[in-house]
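Q: Structure: query23.tsv, TSV, C-alpha atoms.
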chain	number	residue	atom	x	y	z
A	161	MET	CA	-84.27	10.11	8.17
A	162	GLN	CA	-82.71	9.57	4.74
A	163	ASP	CA	-84.94	10.17	1.74
A	164	ASN	CA	-84.29	7.37	-0.75
A	165	ARG	CA	-86.78	8.56	-3.32
A	166	ILE	CA	-85.61	9.24	-6.87
A	167	ARG	CA	-85.40	13.01	-7.44
A	168	VAL	CA	-87.16	13.87	-10.70
A	169	LEU	CA	-87.75	17.19	-12.43
A	170	LYS	CA	-90.28	17.32	-15.27
A	171	PHE	CA	-90.18	20.43	-17.49
A	172	LEU	CA	-92.65	21.88	-20.00
A	173	THR	CA	-93.49	25.28	-21.47
A	174	ASN	CA	-96.63	26.19	-19.50
A	175	PHE	CA	-99.94	24.70	-18.37
A	176	ASN	CA	-102.19	25.90	-21.18
A	177	VAL	CA	-104.84	23.41	-22.21
A	178	GLY	CA	-103.41	21.09	-24.86
A	179	GLY	CA	-102.64	17.44	-25.49
A	180	THR	CA	-99.08	17.41	-24.18
A	181	GLU	CA	-100.02	19.51	-21.17
A	182	ARG	CA	-102.98	17.27	-20.36
A	183	GLN	CA	-100.81	14.15	-20.49
A	184	PHE	CA	-98.13	15.86	-18.38
A	185	VAL	CA	-100.64	16.84	-15.70
A	186	GLN	CA	-102.29	13.42	-15.58
A	187	LEU	CA	-98.90	11.75	-15.12
A	188	VAL	CA	-98.01	14.22	-12.37
A	189	GLN	CA	-101.29	13.56	-10.58
A	190	GLN	CA	-100.78	9.80	-10.55
A	191	MET	CA	-97.04	9.34	-10.03
A	192	ASP	CA	-96.04	7.53	-6.84
A	193	LEU	CA	-94.65	10.21	-4.52
A	194	ASP	CA	-93.47	7.54	-2.10
A	195	ARG	CA	-90.99	6.42	-4.77
A	196	PHE	CA	-90.29	9.72	-6.53
A	197	ASP	CA	-89.42	13.14	-5.11
A	198	LEU	CA	-91.13	14.99	-7.92
A	199	HIS	CA	-90.46	18.61	-8.91
A	200	LEU	CA	-91.72	20.57	-11.90
A	201	GLY	CA	-90.25	23.32	-14.05
A	202	CYS	CA	-91.74	25.61	-16.68
A	203	PHE	CA	-91.13	28.80	-18.63
A	204	ALA	CA	-94.41	30.40	-17.53
A	205	ARG	CA	-96.47	29.52	-14.47
A	206	ARG	CA	-99.85	29.95	-16.11
A	207	GLY	CA	-102.60	28.05	-17.91
A	208	GLY	CA	-105.88	26.26	-17.33
A	209	PHE	CA	-104.21	23.13	-15.95
A	210	LEU	CA	-102.11	25.00	-13.36
A	211	PRO	CA	-104.62	24.60	-10.49
A	212	LEU	CA	-104.60	20.82	-10.98
A	213	VAL	CA	-100.82	20.77	-10.59
A	214	GLU	CA	-100.77	23.14	-7.62
A	215	SER	CA	-103.43	21.11	-5.82
A	216	ARG	CA	-100.97	18.26	-5.26
A	217	GLY	CA	-98.40	20.50	-3.59
A	218	ILE	CA	-95.53	19.52	-5.88
A	219	PRO	CA	-92.70	22.11	-6.01
A	220	LEU	CA	-92.90	24.15	-9.21
A	221	GLY	CA	-90.14	26.45	-10.46
A	222	GLU	CA	-90.57	29.10	-13.13
A	223	PHE	CA	-87.59	29.74	-15.41
A	224	SER	CA	-88.84	32.50	-17.68
A	225	ILE	CA	-87.08	33.50	-20.90
A	226	ARG	CA	-87.99	36.06	-23.55
A	227	ARG	CA	-86.37	34.40	-26.54
A	228	LEU	CA	-84.83	30.98	-26.96
A	229	TYR	CA	-81.77	32.23	-28.82
A	230	SER	CA	-80.15	35.02	-26.84
A	231	PRO	CA	-77.20	35.54	-24.43
A	232	LEU	CA	-79.68	36.12	-21.59
A	233	THR	CA	-81.22	32.72	-22.25
A	234	TRP	CA	-77.79	31.11	-22.17
A	235	TRP	CA	-77.18	32.69	-18.78
A	236	ARG	CA	-80.59	31.48	-17.65
A	237	GLN	CA	-79.58	27.96	-18.68
A	238	VAL	CA	-76.45	28.22	-16.53
A	239	GLN	CA	-78.63	29.30	-13.59
A	240	PHE	CA	-80.96	26.39	-14.25
A	241	ALA	CA	-77.99	23.99	-14.36
A	242	ARG	CA	-76.87	25.26	-10.95
A	243	TYR	CA	-80.40	24.71	-9.64
A	244	LEU	CA	-80.37	21.13	-10.92
A	245	ARG	CA	-76.97	20.40	-9.41
A	246	TRP	CA	-77.78	22.04	-6.07
A	247	ASN	CA	-80.95	19.99	-5.73
A	248	ARG	CA	-79.26	16.73	-6.80
A	249	PHE	CA	-81.80	15.81	-9.44
A	250	GLN	CA	-81.28	12.31	-10.76
A	251	VAL	CA	-83.77	12.47	-13.64
A	252	VAL	CA	-84.71	15.45	-15.82
A	253	HIS	CA	-87.56	14.85	-18.25
A	254	THR	CA	-88.46	17.55	-20.79
A	255	TYR	CA	-91.60	17.82	-22.94
A	256	GLY	CA	-91.53	19.49	-26.35
A	257	PHE	CA	-89.23	21.46	-28.61
A	258	TYR	CA	-88.53	24.53	-26.45
A	259	PRO	CA	-88.15	22.66	-23.15
A	260	ASN	CA	-85.86	20.18	-24.91
A	261	LEU	CA	-83.61	22.94	-26.26
A	262	PHE	CA	-83.49	24.81	-22.96
A	263	ALA	CA	-83.35	22.13	-20.30
A	264	VAL	CA	-81.47	19.22	-21.91
A	265	PRO	CA	-78.14	21.08	-22.33
A	266	ALA	CA	-78.51	22.55	-18.84
A	267	ALA	CA	-79.10	19.10	-17.37
A	268	ARG	CA	-76.04	17.79	-19.19
A	269	LEU	CA	-73.99	20.70	-17.84
A	270	ALA	CA	-75.25	19.93	-14.34
A	271	GLY	CA	-74.20	16.29	-14.60
A	272	VAL	CA	-77.72	14.90	-14.18
A	273	PRO	CA	-77.42	11.09	-14.57
A	274	VAL	CA	-80.61	10.59	-16.61
A	275	ILE	CA	-81.89	13.11	-19.16
A	276	ILE	CA	-85.04	12.31	-21.13
A	277	ALA	CA	-86.20	14.46	-24.06
A	278	SER	CA	-89.78	13.90	-25.21
A	279	ILE	CA	-90.72	14.34	-28.87
A	280	ARG	CA	-94.46	14.05	-29.36
A	281	ASP	CA	-95.00	14.87	-33.04
A	282	THR	CA	-93.71	13.54	-36.33
A	283	GLY	CA	-92.80	17.10	-37.30
A	284	GLU	CA	-94.08	16.68	-40.84
A	285	VAL	CA	-94.49	20.42	-41.28
A	286	TRP	CA	-91.43	21.53	-39.31
A	287	ALA	CA	-88.75	23.63	-40.99
A	288	PRO	CA	-85.54	21.63	-41.65
A	289	ASN	CA	-83.45	23.85	-39.34
A	290	LYS	CA	-85.84	23.20	-36.46
A	291	ARG	CA	-85.47	19.45	-36.92
A	292	LEU	CA	-81.68	19.73	-37.09
A	293	VAL	CA	-81.44	21.84	-33.93
A	294	GLN	CA	-83.58	19.44	-31.93
A	295	LYS	CA	-81.63	16.45	-33.22
A	296	ALA	CA	-78.35	18.06	-32.12
A	297	VAL	CA	-79.70	18.79	-28.63
A	298	CYS	CA	-81.15	15.30	-28.26
A	299	LYS	CA	-77.69	13.82	-28.71
A	300	LEU	CA	-77.04	15.16	-25.20
A	301	ALA	CA	-79.97	13.19	-23.75
A	302	THR	CA	-79.81	9.72	-22.23
A	303	CYS	CA	-83.12	8.78	-23.85
A	304	VAL	CA	-85.43	10.27	-26.47
A	305	LEU	CA	-89.02	9.37	-25.60
A	306	ALA	CA	-91.66	9.21	-28.33
A	307	ASN	CA	-95.37	8.76	-27.74
A	308	ALA	CA	-96.03	6.75	-30.91
A	309	ASP	CA	-94.29	4.27	-33.20
A	310	ALA	CA	-94.83	6.77	-36.02
A	311	VAL	CA	-92.78	9.38	-34.14
A	312	ARG	CA	-90.05	6.84	-33.40
A	313	ASN	CA	-89.91	5.73	-37.03
A	314	GLN	CA	-89.62	9.33	-38.22
A	315	LEU	CA	-86.79	9.99	-35.75
A	316	ILE	CA	-84.93	6.96	-37.10
A	317	LEU	CA	-85.35	8.32	-40.63
A	318	ASP	CA	-84.01	11.64	-39.37
A	319	GLY	CA	-80.85	9.91	-38.14
A	320	TYR	CA	-81.45	9.65	-34.41
A	321	ASP	CA	-79.59	6.95	-32.49
A	322	GLU	CA	-82.08	4.08	-32.46
A	323	ARG	CA	-80.60	2.74	-29.22
A	324	LYS	CA	-81.74	5.87	-27.39
A	325	LEU	CA	-85.34	5.78	-28.63
A	326	THR	CA	-88.20	4.56	-26.45
A	327	VAL	CA	-91.97	4.64	-26.99
A	328	ILE	CA	-94.51	5.15	-24.22
A	329	ARG	CA	-97.99	5.76	-25.59
A	330	ASN	CA	-100.35	8.30	-24.07
A	331	GLY	CA	-102.94	7.11	-21.59
A	332	VAL	CA	-106.34	8.13	-20.30
A	333	ASP	CA	-108.59	7.28	-17.38
A	334	LEU	CA	-111.77	5.76	-18.77
A	335	PRO	CA	-114.86	7.83	-17.96
A	336	ARG	CA	-118.26	6.45	-17.02
A	337	LEU	CA	-120.45	5.75	-20.02
A	338	ASP	CA	-123.47	7.86	-19.07
A	339	ARG	CA	-124.12	9.34	-22.51
A	340	ARG	CA	-126.67	12.17	-22.64
A	341	GLU	CA	-126.94	12.92	-26.33
A	342	ARG	CA	-130.39	14.52	-26.29
A	343	THR	CA	-130.86	16.48	-23.07
A	344	GLY	CA	-127.55	17.64	-21.66
A	345	PRO	CA	-126.12	20.93	-20.42
A	346	ILE	CA	-124.09	21.51	-23.59
A	347	ARG	CA	-127.21	21.51	-25.73
A	348	GLN	CA	-128.90	23.85	-23.28
A	349	GLU	CA	-125.94	26.24	-23.15
A	350	PHE	CA	-125.61	26.59	-26.92
A	351	GLY	CA	-129.27	26.25	-27.83
A	352	ILE	CA	-128.81	23.01	-29.78
A	353	PRO	CA	-132.11	21.20	-30.53
A	354	GLU	CA	-132.61	17.65	-29.27
A	355	ASN	CA	-132.84	16.26	-32.81
A	356	SER	CA	-129.54	17.83	-33.94
A	357	PRO	CA	-126.46	15.61	-34.09
A	358	ILE	CA	-123.35	17.25	-32.60
A	359	VAL	CA	-120.02	16.91	-34.43
A	360	THR	CA	-117.13	18.06	-32.24
A	361	VAL	CA	-113.55	19.10	-32.94
A	362	LEU	CA	-111.43	19.27	-29.79
A	363	SER	CA	-108.22	21.03	-30.73
A	364	ARG	CA	-105.74	23.78	-30.18
A	365	LEU	CA	-106.56	26.27	-32.92
A	366	ASN	CA	-103.45	26.57	-35.05
A	367	GLU	CA	-102.56	25.83	-38.65
A	368	LEU	CA	-101.32	22.30	-37.87
A	369	LYS	CA	-104.75	21.16	-36.76
A	370	GLY	CA	-106.35	21.51	-40.20
A	371	ILE	CA	-109.51	23.24	-38.94
A	372	GLN	CA	-110.02	25.11	-42.23
A	373	TYR	CA	-110.37	21.78	-44.06
A	374	PHE	CA	-112.98	20.78	-41.51
A	375	LEU	CA	-114.87	24.02	-42.14
A	376	ASP	CA	-114.65	23.45	-45.89
A	377	ALA	CA	-116.31	20.05	-45.38
A	378	LEU	CA	-119.38	21.46	-43.65
A	379	PRO	CA	-121.54	22.37	-46.70
A	380	ALA	CA	-121.53	18.77	-47.94
A	381	VAL	CA	-122.49	17.50	-44.48
A	382	LEU	CA	-125.20	20.13	-44.01
A	383	ALA	CA	-126.67	19.25	-47.41
A	384	GLY	CA	-127.59	15.84	-46.07
A	385	PHE	CA	-128.03	16.71	-42.39
A	386	PRO	CA	-129.10	20.36	-42.14
A	387	ASN	CA	-129.76	20.16	-38.39
A	388	THR	CA	-126.17	19.22	-37.53
A	389	ARG	CA	-124.26	21.47	-35.15
A	390	PHE	CA	-120.46	21.64	-35.25
A	391	LEU	CA	-118.61	22.49	-32.04
A	392	ILE	CA	-115.04	23.76	-32.44
A	393	VAL	CA	-113.67	23.49	-28.92
A	394	GLY	CA	-110.38	25.16	-28.08
A	395	GLU	CA	-108.25	28.28	-28.24
A	396	GLY	CA	-105.23	29.31	-30.24
A	397	PRO	CA	-103.70	31.91	-32.54
A	398	ALA	CA	-105.84	30.88	-35.52
A	399	ARG	CA	-109.20	31.31	-33.78
A	400	ALA	CA	-110.06	34.82	-35.01
A	401	GLY	CA	-109.24	33.94	-38.61
A	402	LEU	CA	-111.18	30.69	-38.46
A	403	GLU	CA	-114.25	32.40	-36.99
A	404	ALA	CA	-114.11	35.08	-39.68
A	405	TYR	CA	-113.78	32.37	-42.35
A	406	SER	CA	-116.76	30.50	-40.91
A	407	GLN	CA	-118.86	33.66	-40.96
A	408	SER	CA	-117.83	34.42	-44.52
A	409	LYS	CA	-119.05	30.96	-45.55
A	410	GLY	CA	-122.45	31.69	-44.00
A	411	TYR	CA	-122.47	28.83	-41.51
A	412	GLY	CA	-124.24	30.95	-38.90
A	413	ARG	CA	-125.29	28.99	-35.82
A	414	ALA	CA	-124.25	25.67	-37.38
A	415	ALA	CA	-120.57	26.22	-36.48
A	416	ILE	CA	-120.03	27.15	-32.83
A	417	PHE	CA	-116.62	28.24	-31.55
A	418	THR	CA	-116.79	27.52	-27.83
A	419	GLY	CA	-113.35	28.75	-26.81
A	420	LEU	CA	-111.38	27.05	-24.06
A	421	ARG	CA	-113.39	24.44	-22.15
A	422	LEU	CA	-112.43	22.29	-19.19
A	423	ASP	CA	-115.67	20.26	-19.28
A	424	VAL	CA	-114.57	18.00	-22.13
A	425	PRO	CA	-116.21	14.88	-20.59
A	426	ASP	CA	-119.59	16.68	-20.63
A	427	ILE	CA	-119.05	17.70	-24.25
A	428	LEU	CA	-118.16	14.16	-25.30
A	429	ARG	CA	-121.21	12.73	-23.52
A	430	GLU	CA	-123.38	14.75	-25.90
A	431	THR	CA	-121.22	14.34	-29.01
A	432	SER	CA	-122.36	12.14	-31.89
A	433	LEU	CA	-119.04	12.23	-33.73
A	434	SER	CA	-115.53	13.46	-32.87
A	435	VAL	CA	-113.35	14.75	-35.73
A	436	LEU	CA	-109.60	15.40	-35.78
A	437	PRO	CA	-108.50	16.98	-39.11
A	438	SER	CA	-104.81	17.44	-38.15
A	439	LEU	CA	-102.01	17.84	-40.67
A	440	SER	CA	-99.45	16.40	-38.22
A	441	GLU	CA	-99.76	14.42	-34.98
A	442	GLY	CA	-97.85	12.32	-32.52
A	443	LEU	CA	-100.32	10.26	-30.53
A	444	SER	CA	-103.50	12.26	-30.14
A	445	ASN	CA	-105.01	12.62	-26.68
A	446	VAL	CA	-108.19	13.85	-28.34
A	447	LEU	CA	-108.68	10.56	-30.18
A	448	ILE	CA	-107.91	8.55	-27.06
A	449	GLU	CA	-110.32	10.58	-24.92
A	450	SER	CA	-113.07	10.52	-27.55
A	451	MET	CA	-112.82	6.76	-28.02
A	452	ALA	CA	-112.65	6.21	-24.25
A	453	ALA	CA	-115.97	8.05	-24.04
A	454	GLY	CA	-117.47	5.66	-26.59
A	455	VAL	CA	-117.65	8.26	-29.37
A	456	ALA	CA	-117.03	7.32	-33.01
A	457	VAL	CA	-114.12	9.24	-34.54
A	458	VAL	CA	-112.99	10.55	-37.91
A	459	ALA	CA	-109.30	11.42	-38.13
A	460	THR	CA	-106.64	12.14	-40.70
A	461	HIS	CA	-104.15	9.42	-41.58
A	462	VAL	CA	-101.11	11.19	-40.10
A	463	GLY	CA	-98.56	10.48	-37.37
A	464	GLY	CA	-99.73	8.05	-34.72
A	465	ASN	CA	-103.44	8.30	-35.55
A	466	PRO	CA	-103.47	4.84	-37.26
A	467	GLU	CA	-102.00	3.37	-34.06
A	468	ILE	CA	-105.16	4.45	-32.23
A	469	VAL	CA	-107.87	4.20	-34.88
A	470	ASP	CA	-108.44	0.85	-36.57
A	471	ASP	CA	-109.92	2.15	-39.81
A	472	GLY	CA	-113.46	0.92	-40.36
A	473	ILE	CA	-113.63	-0.75	-36.94
A	474	THR	CA	-113.07	1.90	-34.26
A	475	GLY	CA	-113.42	4.90	-36.57
A	476	LEU	CA	-112.58	6.23	-40.01
A	477	LEU	CA	-109.26	7.55	-41.34
A	478	VAL	CA	-109.04	10.02	-44.21
A	479	PRO	CA	-106.18	11.78	-46.03
A	480	PRO	CA	-105.02	15.12	-44.60
A	481	ARG	CA	-105.96	18.38	-46.38
A	482	ASP	CA	-108.97	16.68	-47.97
A	483	ALA	CA	-112.25	18.39	-47.13
A	484	HIS	CA	-114.18	16.10	-49.49
A	485	ALA	CA	-112.94	12.96	-47.72
A	486	LEU	CA	-113.74	14.49	-44.33
A	487	ALA	CA	-117.27	15.28	-45.47
A	488	GLU	CA	-117.80	11.78	-46.85
A	489	ALA	CA	-116.62	10.15	-43.62
A	490	MET	CA	-118.79	12.37	-41.43
A	491	THR	CA	-121.80	11.81	-43.67
A	492	GLN	CA	-121.24	8.04	-43.63
A	493	LEU	CA	-121.38	7.88	-39.83
A	494	LEU	CA	-124.18	10.40	-39.40
A	495	SER	CA	-126.31	8.42	-41.86
A	496	ASN	CA	-125.75	5.18	-39.95
A	497	PRO	CA	-126.00	5.83	-36.19
A	498	GLU	CA	-125.89	2.09	-35.43
A	499	ALA	CA	-122.53	1.72	-37.17
A	500	ALA	CA	-121.25	4.81	-35.35
A	501	ALA	CA	-122.37	3.39	-32.01
A	502	HIS	CA	-120.66	0.08	-32.79
A	503	MET	CA	-117.42	1.91	-33.64
A	504	GLY	CA	-117.71	3.91	-30.45
A	505	SER	CA	-118.04	0.73	-28.39
A	506	ALA	CA	-115.14	-0.96	-30.19
A	507	GLY	CA	-113.04	2.16	-29.72
A	508	ARG	CA	-113.64	2.21	-25.99
A	509	ASP	CA	-112.61	-1.45	-25.73
A	510	ARG	CA	-109.41	-0.68	-27.65
A	511	ILE	CA	-108.51	2.22	-25.34
A	512	GLU	CA	-109.17	0.14	-22.24
A	513	ARG	CA	-106.83	-2.58	-23.52
A	514	ARG	CA	-103.98	-0.46	-24.91
A	515	PHE	CA	-104.11	3.13	-23.69
A	516	SER	CA	-104.91	3.22	-19.99
A	517	MET	CA	-103.34	5.94	-17.85
A	518	GLY	CA	-102.27	3.32	-15.33
A	519	ARG	CA	-100.11	1.71	-18.01
A	520	ALA	CA	-98.60	5.05	-19.05
A	521	VAL	CA	-97.72	5.92	-15.43
A	522	HIS	CA	-96.23	2.47	-14.78
A	523	GLU	CA	-94.10	2.54	-17.94
A	524	THR	CA	-92.87	6.09	-17.22
A	525	GLN	CA	-91.86	5.24	-13.68
A	526	GLN	CA	-90.16	2.06	-14.85
A	527	LEU	CA	-88.24	4.04	-17.46
A	528	TYR	CA	-86.92	6.43	-14.81
A	529	THR	CA	-85.87	3.56	-12.55
A	530	SER	CA	-84.25	1.41	-15.23
A	531	LEU	CA	-82.29	4.28	-16.80
A	532	LEU	CA	-81.02	5.41	-13.41
A	533	GLN	CA	-79.99	1.87	-12.49
A	534	SER	CA	-78.04	1.50	-15.72
A	535	SER	CA	-76.47	4.98	-15.65
A	536	GLY	CA	-73.61	4.00	-13.32
A	537	ARG	CA	-73.10	7.64	-12.37
A	538	LEU	CA	-72.85	9.27	-8.98
A	539	VAL	CA	-75.40	11.86	-7.87
A	540	PRO	CA	-73.76	15.30	-7.39
A	541	GLU	CA	-73.44	16.48	-3.83
A	542	VAL	CA	-75.66	19.26	-2.46
A	543	GLY	CA	-74.19	22.67	-3.15
A	544	ALA	CA	-71.75	21.50	-5.80
A	545	THR	CA	-71.30	23.90	-8.71
Could I get this file's structure written as structure tokens?

A:
Amino acid sequence: MQDNRIRVLKFLTNFNVGGTERQFVQLVQQMDLDRFDLHLGCFARRGGFLPLVESRGIPLGEFSIRRLYSPLTWWRQVQFARYLRWNRFQVVHTYGFYPNLFAVPAARLAGVPVIIASIRDTGEVWAPNKRLVQKAVCKLATCVLANADAVRNQLILDGYDERKLTVIRNGVDLPRLDRRERTGPIRQEFGIPENSPIVTVLSRLNELKGIQYFLDALPAVLAGFPNTRFLIVGEGPARAGLEAYSQSKGYGRAAIFTGLRLDVPDILRETSLSVLPSLSEGLSNVLIESMAAGVAVVATHVGGNPEIVDDGITGLLVPPRDAHALAEAMTQLLSNPEAAAHMGSAGRDRIERRFSMGRAVHETQQLYTSLLQSSGRLVPEVGAT
């Protein structure tokens, strides 16, 4: 029996816990496998989200490389191109800088009809050469997919072909609203008293996330609310330095580095306030998930954050690299729990209307179908090289 499904390969670096990876996995879990013959590719078959991908039984290929710029990597790209051609993939969709640079040229070499490169950050702190290299590679793509208007606008400023640019915003499945702020497992695990508000940062720990500015804001918050506990949830290369910095500031048990956690819904159910102090963003999954859980948010005014947070209504926006502004915003919401609760409720309504996962899946599948229909190109035969 002939299989008329569209053959799609989605490619990312690995399955470590992060915003792009989370969105990738959620899309994979909900795509219609009756319409799409879905395959996955990665550089490294590892990470906290890997079991979720493997549980659906979708074919997953590992195409490991040591360095992006080397003759061995070029040969690996040729091998990958042969793999794409042999398997007659009709759509290749890459996620992020390194997958874009590796897989987009290979897909073009293989004659894949539809090639989609995802750019999920405004790149405000990227080196100029990195931006130029990605721009050159994206010229080989059929479509460049952004996850926020802010990303699209930046790409236009950078000289990308506006006709190739499409925006599909991130999505999330709305959780149940069974908040347990006073007596939950997170408080028990970390010894947090019932009368202590919990301020949470959910983030990969690297320099782009602005965690040091968050730590610098803590003394002003603790001056007014000495019982507050600050959870820094996540892993990354900056963790050791940030923990040492926190200890040097004498925060003690007030600042808790939890490491990698997969129980984010439990954490949010006990969180009073979610803070994102990033220096650069695309469209933050953390903000979407926090607001979907009914939690008031404080975020920096960068990238696509203003597309999610309606300042003063669903949360507060502050300038990046401004510990004083972060402290003022946190203090404002901690001092007025009713206003914070109202923002949390308004935020959840906004996510339900504009950022559902069902919408993101539908728009992604429609993009694949429409681009393939308009490509006017034949699918390579099996075994062609």

Q: Produce a table with one row for each residue of region 262-324 of chain A that has an atom at most 7 Å from any atom of region 436-443 of chain A, each row naming the nearest atom pair and its distance in Å at one decimal; use all atoms listed in the file; arrange rows by chain and rising residue number; format as a Markdown table.

A:
| residue | atom | partner | partner_atom | distance |
| --- | --- | --- | --- | --- |
| A:Arg280 | CA | A:Gly442 | CA | 4.9 |
| A:Asp281 | CA | A:Gly442 | CA | 3.9 |
| A:Thr282 | CA | A:Gly442 | CA | 5.8 |
| A:Gly283 | CA | A:Ser440 | CA | 6.7 |
| A:Glu284 | CA | A:Ser440 | CA | 6.0 |
| A:Asn307 | CA | A:Leu443 | CA | 5.9 |
| A:Ala308 | CA | A:Leu443 | CA | 5.6 |
| A:Val311 | CA | A:Gly442 | CA | 6.1 |

Q: Find the spatial neighbours of Leu486 (chain A), counting only C-alpha atoms, within a cut-off of 8 Å - ignore same-chain residues fewer than 5 positions away - and output them as a list in words.

A: Phe374, Ala377, Pro437, Val458 and Val478 of chain A

Q: Would you kindly return, as a short mmCIF file (atom, residue, chain, number, x, y, z; two decimals) with C-alpha atoms, keeping the file's coordinate frame, each protein, DNA or RNA residue with an atom no farther than 12 Å from any atom of Arg513 (chain A), considering all atoms listed in the file and excluding same-chain residues fewer than 4 positions away?

A:
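File written: selection_39.cif
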data_model
loop_
_atom_site.label_atom_id
_atom_site.label_comp_id
_atom_site.auth_asym_id
_atom_site.auth_seq_id
_atom_site.Cartn_x
_atom_site.Cartn_y
_atom_site.Cartn_z
CA GLY A 331 -102.94 7.11 -21.59
CA VAL A 332 -106.34 8.13 -20.30
CA ASP A 333 -108.59 7.28 -17.38
CA LEU A 334 -111.77 5.76 -18.77
CA ILE A 448 -107.91 8.55 -27.06
CA MET A 451 -112.82 6.76 -28.02
CA ALA A 452 -112.65 6.21 -24.25
CA ILE A 468 -105.16 4.45 -32.23
CA ALA A 506 -115.14 -0.96 -30.19
CA GLY A 507 -113.04 2.16 -29.72
CA ARG A 508 -113.64 2.21 -25.99
CA ASP A 509 -112.61 -1.45 -25.73
CA MET A 517 -103.34 5.94 -17.85
CA GLY A 518 -102.27 3.32 -15.33
CA ARG A 519 -100.11 1.71 -18.01
#

Q: Using all atoms listed in the file, which residues sit within 10 Å of Arg291 (chain A) once same-chain residues fewer than 4 positions away are excluded, as a ChimeraX atom specification?

A: /A:257,283-284,286-287,295-296,315,318

Q: Compile the contact shell of region 233-236 of chain A as a VMD selection string: residues with an atom at most 10 Å away, counting only C-alpha atoms, same-chain residues fewer than 4 positions apart removed.

A: chain A and resid 223 to 229 240 to 242 262 266

Q: Restrict the selected residues to C-alpha atoms and save them as a compact mmCIF listing (two decimals), in the frame of the given file.

A:
# COMPACT_ATOMS: atom_id res chain seq x y z
CA PHE A 223 -87.59 29.74 -15.41
CA SER A 224 -88.84 32.50 -17.68
CA ILE A 225 -87.08 33.50 -20.90
CA ARG A 226 -87.99 36.06 -23.55
CA ARG A 227 -86.37 34.40 -26.54
CA LEU A 228 -84.83 30.98 -26.96
CA TYR A 229 -81.77 32.23 -28.82
CA PHE A 240 -80.96 26.39 -14.25
CA ALA A 241 -77.99 23.99 -14.36
CA ARG A 242 -76.87 25.26 -10.95
CA PHE A 262 -83.49 24.81 -22.96
CA ALA A 266 -78.51 22.55 -18.84

Q: Using the file's own x, y and z axes, what box holds all listed atoms of region 200-218 of chain A with 6 Å on each side, keeping edges along x, y and z, and what are its centre and edge lengths in Å to one decimal, as JSON?

A:
{"center_x": -98.1, "center_y": 24.3, "center_z": -11.1, "size_x": 27.6, "size_y": 24.1, "size_z": 27.0}
